[in-house]
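A quick write-up on the structure given underneath.
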Amino acid sequence: MALAPLGRADPGAAREAVGAMLRQVKRQAALIAATADIIGAWQLDRVTGALSEVAEQTIDFACAHLLLAAAERQELRIAKGTTPRAISAGSGLIVLGMGKLGGRELNYSSDVDLMVLYDPEAATYHSDRAGACYVRLARDLVRLLEERTAEGYVFRTDLRLRPDPAATPLAVSVNAGIVYYESMGQNWERAAMIKARPVAGDRALGEHFLREIRPFVWRRHLDFAAVADIHSIKRQIYAHKGARAQAPPSRWPATT
């Protein structure tokens, strides 16, 4: 794939140069995947896997760039590294890929669903101001990926799968996320987290977060109310997608 420029590029370069390079990488990679797809050289899973890898690598590079910028503003303690992952390790930043990106199922027109979390103690000079720093980083990440120029854009980005998106900032602390899922998480959020995986930032910290909420995602037992809720979700999916398959029953059969 056309990811070689990412390996040679400087994450500390100017914002405009980084954005232009990411858009170029995305266009070239999409062209390669489309060509291999059209001529039948790649199967569907390889096409979607390649497009997902491009998204993951561009997001990872964008995060490294933004982390270095935050370090220059003396908001974060970040050690400069030779690769984006080296810069991101220990940064306290978690970027989870959700939906099609999490499942390595992106197509040519997919947006990317992300969840941004952070550990306020990991890399901040001032942990009491960590929230504002990481929220700014999340906002800048969306802007960097979505900005449209003559060269197009990198990816449309959606952060609405984070915990309680109507009431929480763009970046949520790890502890707040764990408390939310343990106490208020809903069934649709449990389903959404099945595909979640770290795609950028501190991946070890991201894996730790997923292990912490594993009991929420994979419940040992489901009560009747939970199963009925899952059926309701399925009916909404059928109604939205216009599926011809028979929807699940609206009620459980009577028990004896």
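By order in the structure tokens, chains are A, B, ...; within a chain, residues start at 1; ligands start at 1, following the order shown.
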
### Query
Among range 5-241 of chain A, which residues carry a DSSP assignment of alpha helix (DSSP H), reported as a count of residues only?
132

### Task
Name all residues at most 9 Å from Gly201 in chain A (count only C-alpha atoms; drop same-chain ones fewer than 4 positions away) and give them as a list in words.
Ile59, Asp60, Cys63, Ala64, Leu67, Pro84, Arg85, Ile87, Ser88, Ala89, Gly90, Ser91, Gly92, Leu93, Ile94, Val95, Leu96, Leu205 and Gly206 of chain A

Using only C-alpha atoms, I'd like a table of the residues in range 184-208 of chain A that come within 12 Å of range 112-124 of chain A; for each, show the closest atom pair and its distance in Å rounded to one decimal, ordered by chain and ascending number, as CSV.
```
residue,atom,partner,partner_atom,distance
A:Ala192,CA,A:Asp113,CA,10.3
A:Met193,CA,A:Met115,CA,10.2
A:Lys195,CA,A:Asp113,CA,11.0
A:Ala196,CA,A:Met115,CA,8.9
A:Arg197,CA,A:Leu114,CA,9.8
A:Pro198,CA,A:Met115,CA,9.3
A:Val199,CA,A:Leu114,CA,8.9
A:Ala200,CA,A:Val116,CA,9.6
A:Gly201,CA,A:Val116,CA,9.3
A:Asp202,CA,A:Tyr118,CA,9.2
A:Arg203,CA,A:Leu117,CA,11.4
A:Leu205,CA,A:Asp119,CA,8.5
A:Gly206,CA,A:Leu117,CA,8.4
A:Glu207,CA,A:Leu117,CA,11.9
A:His208,CA,A:Asp119,CA,11.3
```

### Task
Measuring atom to atom with only C-alpha atoms, identify which of A:Arg46, A:Ser52, A:Pro215, A:Leu66 is nearest to Arg143 in chain A.
A:Leu66

### Query
Counting only C-alpha atoms, what is within 9 Å of Phe209 in chain A, bar same-chain residues fewer than 3 positions away, as number ranges by chain?
A: 94, 174-175, 177-178, 204-206, 212-214

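The space separating CA of Leu22 in chain A from CA of Ala71 in chain A comes to 21.4 Å.
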